[in-house]
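Here is run-v1.txt, consisting of compact mmCIF, C-alpha atoms (C1' of nucleotides) and all ligand atoms:
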```txt
# COMPACT_ATOMS: atom_id res chain seq x y z
CA MET A 1 29.51 -21.57 108.31
CA THR A 2 32.93 -20.64 109.45
CA VAL A 3 34.17 -20.74 112.96
CA GLY A 4 37.18 -18.61 113.64
CA HIS A 5 37.38 -17.10 110.20
CA ALA A 6 39.38 -14.14 111.47
CA ARG A 7 42.37 -16.44 111.75
CA GLY A 8 42.41 -16.80 107.99
CA GLY A 9 41.09 -20.31 107.54
CA SER A 10 38.01 -22.26 108.37
CA LEU A 11 38.03 -24.62 111.26
CA LEU A 12 37.97 -27.52 108.85
CA THR A 13 41.07 -26.46 106.96
CA ALA A 14 42.78 -25.82 110.27
CA LEU A 15 42.00 -29.35 111.26
CA SER A 16 43.88 -30.85 108.37
CA ASP A 17 46.67 -28.33 108.84
CA ALA A 18 47.00 -29.64 112.37
CA GLY A 19 47.18 -33.21 111.11
CA ALA A 20 43.74 -34.09 112.39
CA ARG A 21 41.20 -35.75 110.18
CA VAL A 22 38.26 -33.91 108.75
CA THR A 23 35.51 -36.30 109.61
CA GLU A 24 31.77 -36.22 109.26
CA PRO A 25 31.14 -36.02 113.03
CA ARG A 26 33.57 -33.13 113.38
CA ARG A 27 31.87 -31.32 110.52
CA ALA A 28 28.60 -31.80 112.35
CA VAL A 29 29.93 -30.42 115.62
CA ALA A 30 31.43 -27.45 113.80
CA ALA A 31 28.07 -26.78 112.18
CA LEU A 32 26.30 -27.03 115.52
CA ILE A 33 28.72 -24.59 117.10
CA GLY A 34 28.38 -22.19 114.20
CA ALA A 35 24.61 -22.27 114.59
CA GLN A 36 24.77 -21.24 118.23
CA ASP A 37 24.11 -17.62 118.97
CA GLY A 38 26.58 -16.35 121.54
CA HIS A 39 27.86 -18.70 124.15
CA PHE A 40 26.40 -22.13 124.72
CA THR A 41 26.57 -24.83 127.30
CA THR A 42 27.44 -28.44 126.59
CA ALA A 43 23.86 -29.32 127.48
CA GLN A 44 22.56 -27.00 124.78
CA LEU A 45 24.97 -28.42 122.26
CA LEU A 46 24.04 -31.98 123.16
CA THR A 47 20.35 -31.20 122.81
CA ALA A 48 20.86 -29.56 119.44
CA ALA A 49 22.95 -32.52 118.36
CA ARG A 50 20.28 -35.03 119.32
CA LEU A 51 17.81 -33.17 117.14
CA GLU A 52 19.89 -32.39 114.11
CA TYR A 53 22.39 -35.21 114.14
CA PRO A 54 20.92 -38.19 115.92
CA GLY A 55 23.55 -40.88 115.99
CA LEU A 56 26.25 -38.37 116.78
CA GLY A 57 27.87 -39.71 119.92
CA ARG A 58 28.03 -37.84 123.18
CA ALA A 59 31.70 -38.55 123.71
CA THR A 60 32.46 -37.42 120.19
CA ILE A 61 31.00 -34.01 120.91
CA PHE A 62 33.14 -33.60 124.01
CA ARG A 63 36.18 -34.79 122.07
CA ALA A 64 35.52 -32.35 119.25
CA LEU A 65 35.05 -29.55 121.74
CA ASP A 66 38.42 -30.39 123.30
CA LEU A 67 40.07 -30.55 119.91
CA PHE A 68 38.59 -27.26 118.74
CA THR A 69 39.66 -25.71 122.04
CA SER A 70 43.24 -26.82 121.56
CA LEU A 71 43.12 -25.29 118.09
CA GLY A 72 41.83 -22.06 119.62
CA PHE A 73 38.56 -21.99 117.71
CA VAL A 74 36.46 -22.36 120.76
CA GLU A 75 37.04 -21.38 124.36
CA ARG A 76 35.63 -22.59 127.61
CA MET A 77 34.46 -20.01 130.09
CA ASP A 78 33.20 -20.20 133.63
CA LEU A 79 29.71 -19.05 134.44
CA PRO A 80 29.05 -17.26 137.73
CA GLY A 81 27.01 -20.20 138.98
CA GLY A 82 29.90 -22.61 138.60
CA GLY A 83 28.93 -24.17 135.31
CA HIS A 84 30.78 -23.94 132.04
CA ALA A 85 29.95 -22.51 128.69
CA TRP A 86 31.73 -22.24 125.36
CA VAL A 87 32.18 -19.56 122.77
CA ALA A 88 33.46 -19.64 119.23
CA CYS A 89 36.48 -17.33 119.13
CA GLU A 90 37.87 -15.03 116.55
CA THR A 91 41.16 -13.99 118.00
CA ALA A 92 44.03 -15.62 119.82
CA HIS A 93 43.85 -14.36 123.38
CA HIS A 94 41.06 -12.29 124.74
CA HIS A 95 38.27 -12.28 127.26
CA HIS A 96 34.53 -12.22 127.16
CA ALA A 97 31.84 -9.83 128.26
CA ILE A 98 28.74 -11.95 128.70
CA CYS A 99 25.27 -10.49 128.67
CA THR A 100 23.32 -12.18 131.42
CA ARG A 101 20.07 -11.26 129.74
CA CYS A 102 20.42 -12.41 126.16
CA GLY A 103 23.45 -14.65 126.55
CA ARG A 104 25.49 -13.04 123.80
CA SER A 105 29.13 -12.47 124.45
CA THR A 106 31.46 -9.82 123.16
CA GLU A 107 35.17 -10.22 122.93
CA VAL A 108 37.27 -7.95 125.09
CA ASP A 109 40.90 -7.41 124.38
CA ASP A 110 43.69 -7.10 126.93
CA HIS A 111 43.94 -3.36 126.74
CA GLY A 112 44.96 -2.21 130.19
CA LEU A 113 44.82 -5.63 131.76
CA ALA A 114 48.47 -6.27 131.01
CA ASP A 115 49.32 -3.36 133.29
CA VAL A 116 47.20 -4.81 136.07
CA LEU A 117 48.98 -8.13 135.75
CA ALA A 118 52.36 -6.43 135.64
CA SER A 119 51.58 -4.64 138.87
CA VAL A 120 50.52 -7.91 140.47
CA ALA A 121 53.83 -9.39 139.44
CA GLY A 122 55.86 -6.39 140.43
CA ARG A 123 54.57 -6.04 143.94
CA SER A 124 54.61 -9.64 145.02
CA GLY A 125 57.33 -11.29 142.96
CA PHE A 126 54.70 -13.54 141.46
CA ARG A 127 55.41 -14.75 137.92
CA VAL A 128 52.20 -14.74 135.94
CA THR A 129 51.76 -17.51 133.40
CA THR A 130 48.01 -17.55 132.75
CA HIS A 131 45.08 -15.41 133.57
CA ARG A 132 41.38 -15.34 133.03
CA LEU A 133 38.98 -12.45 133.07
CA GLU A 134 35.26 -12.71 132.69
CA VAL A 135 32.87 -9.81 132.68
CA PHE A 136 29.14 -10.18 133.22
CA GLY A 137 26.48 -7.58 132.71
CA THR A 138 23.92 -6.29 130.24
CA CYS A 139 24.72 -5.54 126.65
CA ALA A 140 23.84 -2.33 124.85
CA SER A 141 20.91 -3.73 122.92
CA CYS A 142 19.37 -5.36 125.97
CA LEU A 143 19.73 -2.07 127.82
CA ALA A 144 18.01 -0.29 124.94
CA ALA A 145 15.22 -2.86 124.91
CA THR A 146 14.62 -2.36 128.62
CA ALA A 147 14.63 1.42 128.54
CA MET B 1 41.52 -20.22 164.04
CA THR B 2 39.70 -17.32 162.53
CA VAL B 3 38.43 -17.17 159.03
CA GLY B 4 37.93 -13.71 157.67
CA HIS B 5 39.21 -11.92 160.76
CA ALA B 6 40.02 -8.83 158.73
CA ARG B 7 36.31 -8.08 158.61
CA GLY B 8 36.31 -7.48 162.34
CA GLY B 9 34.62 -10.62 163.61
CA SER B 10 35.14 -14.33 163.43
CA LEU B 11 33.11 -16.40 161.04
CA LEU B 12 31.17 -17.80 163.96
CA THR B 13 30.11 -14.41 165.30
CA ALA B 14 29.18 -13.38 161.78
CA LEU B 15 26.95 -16.44 161.56
CA SER B 16 24.81 -15.37 164.49
CA ASP B 17 24.86 -11.78 163.25
CA ALA B 18 23.36 -13.07 160.03
CA GLY B 19 20.69 -14.95 161.93
CA ALA B 20 22.18 -18.34 161.18
CA ARG B 21 22.81 -20.86 163.92
CA VAL B 22 26.24 -21.61 165.22
CA THR B 23 26.17 -25.36 165.12
CA GLU B 24 28.71 -28.04 165.82
CA PRO B 25 28.97 -29.13 162.16
CA ARG B 26 29.52 -25.54 161.03
CA ARG B 27 32.21 -25.12 163.63
CA ALA B 28 33.85 -28.23 162.27
CA VAL B 29 33.75 -27.01 158.67
CA ALA B 30 35.15 -23.64 159.73
CA ALA B 31 38.00 -25.40 161.52
CA LEU B 32 38.69 -27.56 158.47
CA ILE B 33 38.79 -24.52 156.22
CA GLY B 34 41.05 -22.68 158.62
CA ALA B 35 43.44 -25.61 158.64
CA GLN B 36 43.79 -25.57 154.85
CA ASP B 37 46.88 -23.94 153.48
CA GLY B 38 45.99 -21.74 150.53
CA HIS B 39 43.17 -22.80 148.30
CA PHE B 40 41.54 -26.17 148.54
CA THR B 41 39.20 -28.28 146.50
CA THR B 42 36.00 -29.80 147.82
CA ALA B 43 37.61 -33.19 147.44
CA GLN B 44 40.43 -32.16 149.77
CA LEU B 45 38.00 -30.76 152.28
CA LEU B 46 35.86 -33.90 152.17
CA THR B 47 38.91 -36.08 152.72
CA ALA B 48 40.06 -33.99 155.65
CA ALA B 49 36.56 -34.10 157.07
CA ARG B 50 36.35 -37.87 156.85
CA LEU B 51 39.56 -38.11 158.86
CA GLU B 52 39.03 -35.45 161.47
CA TYR B 53 35.27 -35.40 161.77
CA PRO B 54 33.85 -38.74 160.75
CA GLY B 55 30.12 -38.47 160.95
CA LEU B 56 30.15 -35.03 159.43
CA GLY B 57 27.82 -35.29 156.47
CA ARG B 58 28.84 -34.65 152.92
CA ALA B 59 25.85 -32.46 152.18
CA THR B 60 26.50 -30.47 155.33
CA ILE B 61 29.94 -29.54 154.11
CA PHE B 62 28.58 -28.28 150.81
CA ARG B 63 25.86 -26.39 152.62
CA ALA B 64 28.33 -24.77 154.98
CA LEU B 65 30.53 -23.83 152.05
CA ASP B 66 27.57 -22.17 150.37
CA LEU B 67 26.63 -20.36 153.54
CA PHE B 68 30.16 -19.15 154.19
CA THR B 69 30.34 -18.02 150.59
CA SER B 70 27.21 -15.95 150.91
CA LEU B 71 28.73 -14.38 154.01
CA GLY B 72 31.87 -13.60 152.03
CA PHE B 73 34.23 -15.62 154.19
CA VAL B 74 35.07 -18.04 151.50
CA GLU B 75 35.11 -17.70 147.75
CA ARG B 76 34.86 -20.17 144.94
CA MET B 77 37.32 -19.90 142.13
CA ASP B 78 37.68 -21.65 138.82
CA LEU B 79 40.76 -23.67 138.12
CA PRO B 80 42.21 -23.67 134.61
CA GLY B 81 41.27 -27.33 134.13
CA GLY B 82 37.61 -26.62 134.74
CA GLY B 83 37.39 -27.69 138.37
CA HIS B 84 36.67 -25.50 141.33
CA ALA B 85 38.58 -24.53 144.42
CA TRP B 86 37.88 -22.39 147.45
CA VAL B 87 39.81 -19.84 149.42
CA ALA B 88 39.22 -18.24 152.78
CA CYS B 89 38.96 -14.52 152.14
CA GLU B 90 40.00 -11.54 154.13
CA THR B 91 38.52 -8.67 152.20
CA ALA B 92 35.26 -7.92 150.50
CA HIS B 93 35.97 -7.93 146.79
CA HIS B 94 39.23 -8.98 145.31
CA HIS B 95 40.84 -11.58 143.08
CA HIS B 96 43.34 -14.33 143.49
CA ALA B 97 46.79 -15.06 142.18
CA ILE B 98 47.18 -18.79 142.45
CA CYS B 99 50.56 -20.51 142.48
CA THR B 100 50.26 -23.57 140.31
CA ARG B 101 53.25 -25.13 142.06
CA CYS B 102 52.48 -24.88 145.77
CA GLY B 103 48.79 -24.06 145.56
CA ARG B 104 48.92 -20.97 147.75
CA SER B 105 46.93 -18.00 146.68
CA THR B 106 47.51 -14.34 147.20
CA GLU B 107 44.78 -11.76 147.19
CA VAL B 108 44.93 -9.18 144.44
CA ASP B 109 43.01 -5.97 144.72
CA ASP B 110 41.24 -4.20 141.90
CA HIS B 111 43.88 -1.58 141.35
CA GLY B 112 43.77 -0.77 137.66
CA LEU B 113 41.14 -3.32 136.81
CA ALA B 114 38.36 -0.84 137.34
CA ASP B 115 39.78 1.18 134.47
CA VAL B 116 39.82 -1.86 132.24
CA LEU B 117 36.18 -2.54 133.02
CA ALA B 118 35.26 1.09 132.51
CA SER B 119 36.85 1.00 129.08
CA VAL B 120 34.93 -2.17 128.23
CA ALA B 121 31.73 -0.41 129.22
CA GLY B 122 32.60 2.82 127.49
CA ARG B 123 33.40 1.37 124.11
CA SER B 124 30.57 -1.08 123.76
CA GLY B 125 27.75 0.35 125.81
CA PHE B 126 27.89 -2.77 127.95
CA ARG B 127 26.85 -2.30 131.57
CA VAL B 128 29.11 -4.34 133.81
CA THR B 129 27.53 -5.92 136.87
CA THR B 130 30.00 -8.63 137.86
CA HIS B 131 33.45 -9.67 136.89
CA ARG B 132 35.95 -12.29 137.73
CA LEU B 133 39.71 -12.29 137.36
CA GLU B 134 41.98 -15.17 138.11
CA VAL B 135 45.71 -15.13 137.76
CA PHE B 136 47.83 -18.28 137.64
CA GLY B 137 51.57 -18.53 137.86
CA THR B 138 54.43 -19.20 140.25
CA CYS B 139 54.81 -17.42 143.55
CA ALA B 140 57.96 -15.70 144.76
CA SER B 141 59.00 -18.42 147.18
CA CYS B 142 58.49 -21.20 144.65
CA LEU B 143 60.55 -19.21 142.16
CA ALA B 144 63.29 -18.84 144.77
CA ALA B 145 63.17 -22.56 145.57
CA THR B 146 63.57 -23.42 141.90
CA ALA B 147 66.46 -21.06 141.24
C1' DG C 1 13.13 -26.74 180.78
C1' DT C 2 10.00 -26.36 176.51
C1' DC C 3 9.36 -25.70 171.88
C1' DC C 4 9.86 -25.13 167.07
C1' DA C 5 12.29 -23.15 163.22
C1' DT C 6 16.54 -24.23 161.61
C1' DG C 7 19.89 -27.46 160.60
C1' DT C 8 21.61 -32.34 160.04
C1' DG C 9 22.94 -37.02 158.01
C1' DA C 10 21.95 -40.92 155.04
C1' DG C 11 21.13 -42.16 150.89
C1' DA C 12 19.09 -41.64 146.42
C1' DC C 13 19.53 -38.91 142.66
C1' DA C 14 20.94 -35.85 138.53
C1' DC C 15 24.41 -34.34 135.78
C1' DA C 16 29.02 -33.53 133.56
C1' DG C 17 32.73 -35.52 131.82
C1' DT C 18 36.01 -39.67 131.10
C1' DA C 19 37.60 -44.46 129.98
C1' DT C 20 37.28 -48.55 127.29
C1' DC C 21 37.00 -51.04 123.30
C1' DA C 22 35.41 -53.21 119.08
C1' DA C 23 34.01 -51.39 114.74
C1' DC C 24 34.66 -47.95 111.22
C1' DT C 25 36.87 -44.61 107.95
C1' DA C 26 39.87 -40.74 106.09
C1' DG C 27 43.22 -40.29 103.39
C1' DA C 28 48.13 -41.65 102.23
C1' DG C 29 50.44 -44.56 99.24
C1' DA C 30 50.65 -48.43 95.73
C1' DT D 1 41.09 -47.34 92.03
C1' DC D 2 42.30 -50.51 95.70
C1' DT D 3 44.56 -51.37 100.05
C1' DC D 4 46.06 -50.57 104.46
C1' DT D 5 46.51 -48.46 108.86
C1' DA D 6 46.48 -44.98 112.25
C1' DG D 7 43.16 -42.05 113.74
C1' DT D 8 38.39 -41.72 114.94
C1' DT D 9 33.88 -43.15 116.37
C1' DG D 10 29.62 -44.66 119.21
C1' DA D 11 27.87 -47.55 122.84
C1' DT D 12 28.42 -48.43 127.27
C1' DA D 13 30.04 -48.30 131.72
C1' DC D 14 32.02 -45.64 134.97
C1' DT D 15 33.75 -41.72 138.12
C1' DG D 16 33.22 -37.53 140.40
C1' DT D 17 30.73 -33.57 141.90
C1' DG D 18 27.07 -31.48 143.70
C1' DT D 19 21.79 -31.58 144.82
C1' DC D 20 17.39 -33.27 146.86
C1' DT D 21 14.49 -35.45 150.13
C1' DC D 22 13.04 -36.48 154.43
C1' DA D 23 12.96 -38.32 159.05
C1' DC D 24 15.51 -36.96 162.97
C1' DA D 25 18.25 -33.79 165.93
C1' DT D 26 19.37 -29.34 168.09
C1' DG D 27 20.32 -24.28 168.85
C1' DG D 28 18.72 -20.71 171.16
C1' DA D 29 14.61 -17.76 172.18
C1' DC D 30 11.30 -17.72 175.69
ZN ZN E 201 22.28 -8.81 125.63
ZN ZN E 202 43.92 -11.63 128.68
ZN ZN E 203 54.09 -21.24 145.24
ZN ZN E 204 37.27 -7.04 141.01
```
As structure tokens - that is how I would like this structure written.
Ligand SMILES: [Zn+2]
Ligand SMILES: [Zn+2]
Ligand SMILES: [Zn+2]
Ligand SMILES: [Zn+2]
Amino acid sequence: MTVGHARGGSLLTALSDAGARVTEPRRAVAALIGAQDGHFTTAQLLTAARLEYPGLGRATIFRALDLFTSLGFVERMDLPGGGHAWVACETAHHHHAICTRCGRSTEVDDHGLADVLASVAGRSGFRVTTHRLEVFGTCASCLAATA
Amino acid sequence: MTVGHARGGSLLTALSDAGARVTEPRRAVAALIGAQDGHFTTAQLLTAARLEYPGLGRATIFRALDLFTSLGFVERMDLPGGGHAWVACETAHHHHAICTRCGRSTEVDDHGLADVLASVAGRSGFRVTTHRLEVFGTCASCLAATA
DNA sequence: GTCCATGTGAGACACAGTATCAACTAGAGA
DNA sequence: TCTCTAGTTGATACTGTGTCTCACATGGAC
């Protein structure tokens, strides 16, 4: 499995490139993430871990998630209810369209959003440093299944 | 103080309009929210409550926050770090530009964003039901203060 | 004023994430 | 290959945030 392969290297090679060790627990977390379909919550990941890698520590999973996030291979997103979920990412900066029915998420690029942000900045004198956009709805295949 | 006055009525009148009781604790929470400058975290609100309204229950504050949210007078937003904050809102649907220096937030309307969402839908066959945009940066007055 | 659905506070609880620390190990260098 | 050490790990305890329960209180309709 390869998380973030679009960036040209596997997560594990990226780890050593970043000076971080390629350890057995990190391999396990990477495998768990790769096995997830669409976005996943920490709870789901922890459950999967308990089954497939008993002995893998809770804290280690959170630490790996943080590390992978800082490397850009995974991204945290905010669910409408207030909880958090994660997605394995392919590209540097983007947003997610999350299907509330099947849970899969599609990446959305910034096309057009930059203009929106520019107009926010222009009108108010606000200097934008970060932004976050999340889109929720129903994906094409779930729509087809319903119809 | 009036929260959400742009909608034509005070929060308290809206409560009775919605069939909810106008109680002393809810008045207190409304006053606390009105006294906040910009967005605020639950922790901040709880601290303020302990000072100004000792005896006001923790759960009651969360309940009031939920109620006010469902009435659209307050909105929960996601901070970059993963925590949550709240803002008193003036208009129905909008987004926030949050100054990471002074904490104030400005409302941002959907101008242009609708097009972005439409293009997301158009290209992928995704049907958008909800979305969330949050913009972080430095506000005009904080920029001026720094310069 | 009476009455009861609605709302309240205290405290127990569930859950997510963090801090600590002794033990372990990846991987660089001899 | 062997050694050594900084980086990493798992157990455990802990904090913080938000929820649940339930006996008690109260808003507001009548
Ligand atoms: Zn779907
Ligand atoms: Zn973006
Ligand atoms: Zn500011
Ligand atoms: Zn919008």
Checklist line | Residues of chain A within 12 Å of chain D, all atoms listed in the file counted, as a count of residues only | finding: 20
Sorted by chain and rising residue number, which residues of chain A lie within 7 Å of ligand ZN 201 (chain E), and what are their closest atom pairs and distances in Å to one decimal, counting all atoms listed in the file, as a Markdown table?
```
| residue | atom | partner | partner_atom | distance |
| --- | --- | --- | --- | --- |
| A:Cys99 | CA | E:ZN201 | ZN | 4.6 |
| A:Thr100 | CA | E:ZN201 | ZN | 6.8 |
| A:Arg101 | CA | E:ZN201 | ZN | 5.3 |
| A:Cys102 | CA | E:ZN201 | ZN | 4.1 |
| A:Gly103 | CA | E:ZN201 | ZN | 6.0 |
| A:Arg104 | CA | E:ZN201 | ZN | 5.6 |
| A:Thr138 | CA | E:ZN201 | ZN | 5.5 |
| A:Cys139 | CA | E:ZN201 | ZN | 4.2 |
| A:Ala140 | CA | E:ZN201 | ZN | 6.7 |
| A:Ser141 | CA | E:ZN201 | ZN | 5.9 |
| A:Cys142 | CA | E:ZN201 | ZN | 4.5 |
```
Kindly compile the residues surrounding ligand ZN 202 (chain E) within 8 Å, counting only C-alpha atoms (C1' of nucleotides) and all ligand atoms, and format them as a JSON list (two decimals) with C-alpha atoms, in the frame of the given file.
```
[["chain", "number", "residue", "atom", "x", "y", "z"],
["A", 93, "HIS", "CA", 43.85, -14.36, 123.38],
["A", 94, "HIS", "CA", 41.06, -12.29, 124.74],
["A", 95, "HIS", "CA", 38.27, -12.28, 127.26],
["A", 109, "ASP", "CA", 40.90, -7.41, 124.38],
["A", 110, "ASP", "CA", 43.69, -7.10, 126.93],
["A", 113, "LEU", "CA", 44.82, -5.63, 131.76],
["A", 114, "ALA", "CA", 48.47, -6.27, 131.01],
["A", 131, "HIS", "CA", 45.08, -15.41, 133.57],
["A", 132, "ARG", "CA", 41.38, -15.34, 133.03],
["A", 133, "LEU", "CA", 38.98, -12.45, 133.07]]
```
Note to self: I need the residue nearest ligand ZN 203 (chain E) from this list: B:Arg127, B:Arg27, B:His39, B:His84. Use only C-alpha atoms and all ligand atoms for the distance.
What the structure shows: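 Ranked by minimum distance to ligand ZN 203 (chain E), first place goes to B:His39.
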Check: Expressed in Å to a single decimal, how great is the separation between atom CA of B:Asp115 and atom CA of B:Ala97?
Finding: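 Straight-line distance from atom CA of B:Asp115 to atom CA of B:Ala97 works out to 19.3 Å.
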Checklist line | Top pick for closest residue to chain A, considering C:DA26, C:DC3, C:DC15, C:DA10 and counting all atoms listed in the file | finding: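 Among C:DA26, C:DC3, C:DC15, C:DA10, it is C:DA26 that comes nearest to chain A.
Put simply, atom CA of B:Asp78 is 24.7 Å away from atom CA of B:Ser119.
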Next item on the list: Would you work out the distance separating atom CA of A:Leu11 from atom CA of A:Ala30, expressed in Å to one decimal?
Entry: 7.6 Å
Margin query: Calculated over all atoms listed in the file, which of the candidates A:Gly112, A:Gly72, A:Gly122, A:Gly34 has the smallest distance to chain B?
Written below: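 Among the listed residues, the smallest separation from chain B belongs to A:Gly112.
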Next item on the list: Would you mind telling me which residue in A:Gly38, A:Gly81, A:Gly125, A:Gly137 lies nearest to ligand ZN 203 (chain E) when using all atoms listed in the file?
Entry: A:Gly125
Assuming 8 Å of padding per side, give the centre and edge lengths of the axis-aligned box around every listed atom of stretch 21-28 of chain D, in Å to one decimal and as AutoDock Vina command-line options.
```
--center_x 16.6 --center_y -29.5 --center_z 160.6 --size_x 23.4 --size_y 33.6 --size_z 37.0
```
Notebook entry, point to check: Which is closest to chain C among A:Val120, A:Ala18, A:Ala43, A:Ala31, if we use only C-alpha atoms (C1' of nucleotides)?
Noted result: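 Among A:Val120, A:Ala18, A:Ala43, A:Ala31, it is A:Ala43 that comes nearest to chain C.
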Next item on the list: Can you work out which one of A:Val135, A:Leu46, A:Ile98, A:Cys89 has the shortest atom-to-atom distance to chain C, counting all atoms listed in the file?
Entry: A:Leu46
Margin query: Select, as a list in words, those residues of chain C with any atom no more than 8 Å from chain B (distances computed using only C-alpha atoms (C1' of nucleotides)).
Written below: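 On the chain C side, the interface is DT6, DG7, DT8 and DG9 of chain C.
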Using only C-alpha atoms (C1' of nucleotides), please write the residues we just selected to a file, as a compact mmCIF listing (two decimals), keeping the file's coordinate frame.
```txt
# COMPACT_ATOMS: atom_id res chain seq x y z
C1' DT C 6 16.54 -24.23 161.61
C1' DG C 7 19.89 -27.46 160.60
C1' DT C 8 21.61 -32.34 160.04
C1' DG C 9 22.94 -37.02 158.01
```
Note to self: When you look at B:Ala48 with a cut-off of 10 Å (counting all atoms listed in the file), what residues show up, excluding the ones that are within fewer than 2 positions of it in the same chain? I need them as a count of residues only.
What the structure shows: 15
Atoms are missing here; could stretch 80-86 of chain A be completed with all heavy atoms and written as a compact mmCIF listing (two decimals), in the coordinates of the input?
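Saved as selection-v4.txt:
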```txt
# COMPACT_ATOMS: atom_id res chain seq x y z
N PRO A 80 29.05 -17.64 136.32
CA PRO A 80 29.05 -17.26 137.73
C PRO A 80 28.54 -18.39 138.64
O PRO A 80 29.02 -18.57 139.74
CB PRO A 80 28.12 -16.06 137.78
CG PRO A 80 28.06 -15.54 136.41
CD PRO A 80 28.26 -16.71 135.51
N GLY A 81 27.58 -19.15 138.16
CA GLY A 81 27.01 -20.20 138.98
C GLY A 81 27.92 -21.40 139.20
O GLY A 81 27.65 -22.25 140.02
N GLY A 82 28.99 -21.48 138.44
CA GLY A 82 29.90 -22.61 138.60
C GLY A 82 29.92 -23.52 137.39
O GLY A 82 30.79 -24.36 137.26
N GLY A 83 28.96 -23.35 136.51
CA GLY A 83 28.93 -24.17 135.31
C GLY A 83 29.88 -23.65 134.25
O GLY A 83 30.58 -22.67 134.45
N HIS A 84 29.89 -24.34 133.12
CA HIS A 84 30.78 -23.94 132.04
C HIS A 84 29.99 -23.63 130.79
O HIS A 84 28.91 -24.16 130.58
CB HIS A 84 31.78 -25.05 131.74
CG HIS A 84 32.65 -25.37 132.89
ND1 HIS A 84 33.01 -26.65 133.24
CD2 HIS A 84 33.22 -24.57 133.81
CE1 HIS A 84 33.77 -26.62 134.31
NE2 HIS A 84 33.93 -25.38 134.68
N ALA A 85 30.55 -22.78 129.98
CA ALA A 85 29.95 -22.51 128.69
C ALA A 85 31.10 -22.39 127.69
O ALA A 85 32.26 -22.37 128.06
CB ALA A 85 29.13 -21.23 128.73
N TRP A 86 30.74 -22.33 126.42
CA TRP A 86 31.73 -22.24 125.36
C TRP A 86 31.39 -21.11 124.42
O TRP A 86 30.22 -20.75 124.29
CB TRP A 86 31.75 -23.56 124.58
CG TRP A 86 31.98 -24.75 125.42
CD1 TRP A 86 31.06 -25.38 126.21
CD2 TRP A 86 33.20 -25.45 125.61
NE1 TRP A 86 31.65 -26.43 126.85
CE2 TRP A 86 32.95 -26.51 126.51
CE3 TRP A 86 34.49 -25.29 125.11
CZ2 TRP A 86 33.94 -27.39 126.92
CZ3 TRP A 86 35.47 -26.18 125.50
CH2 TRP A 86 35.19 -27.21 126.39
```
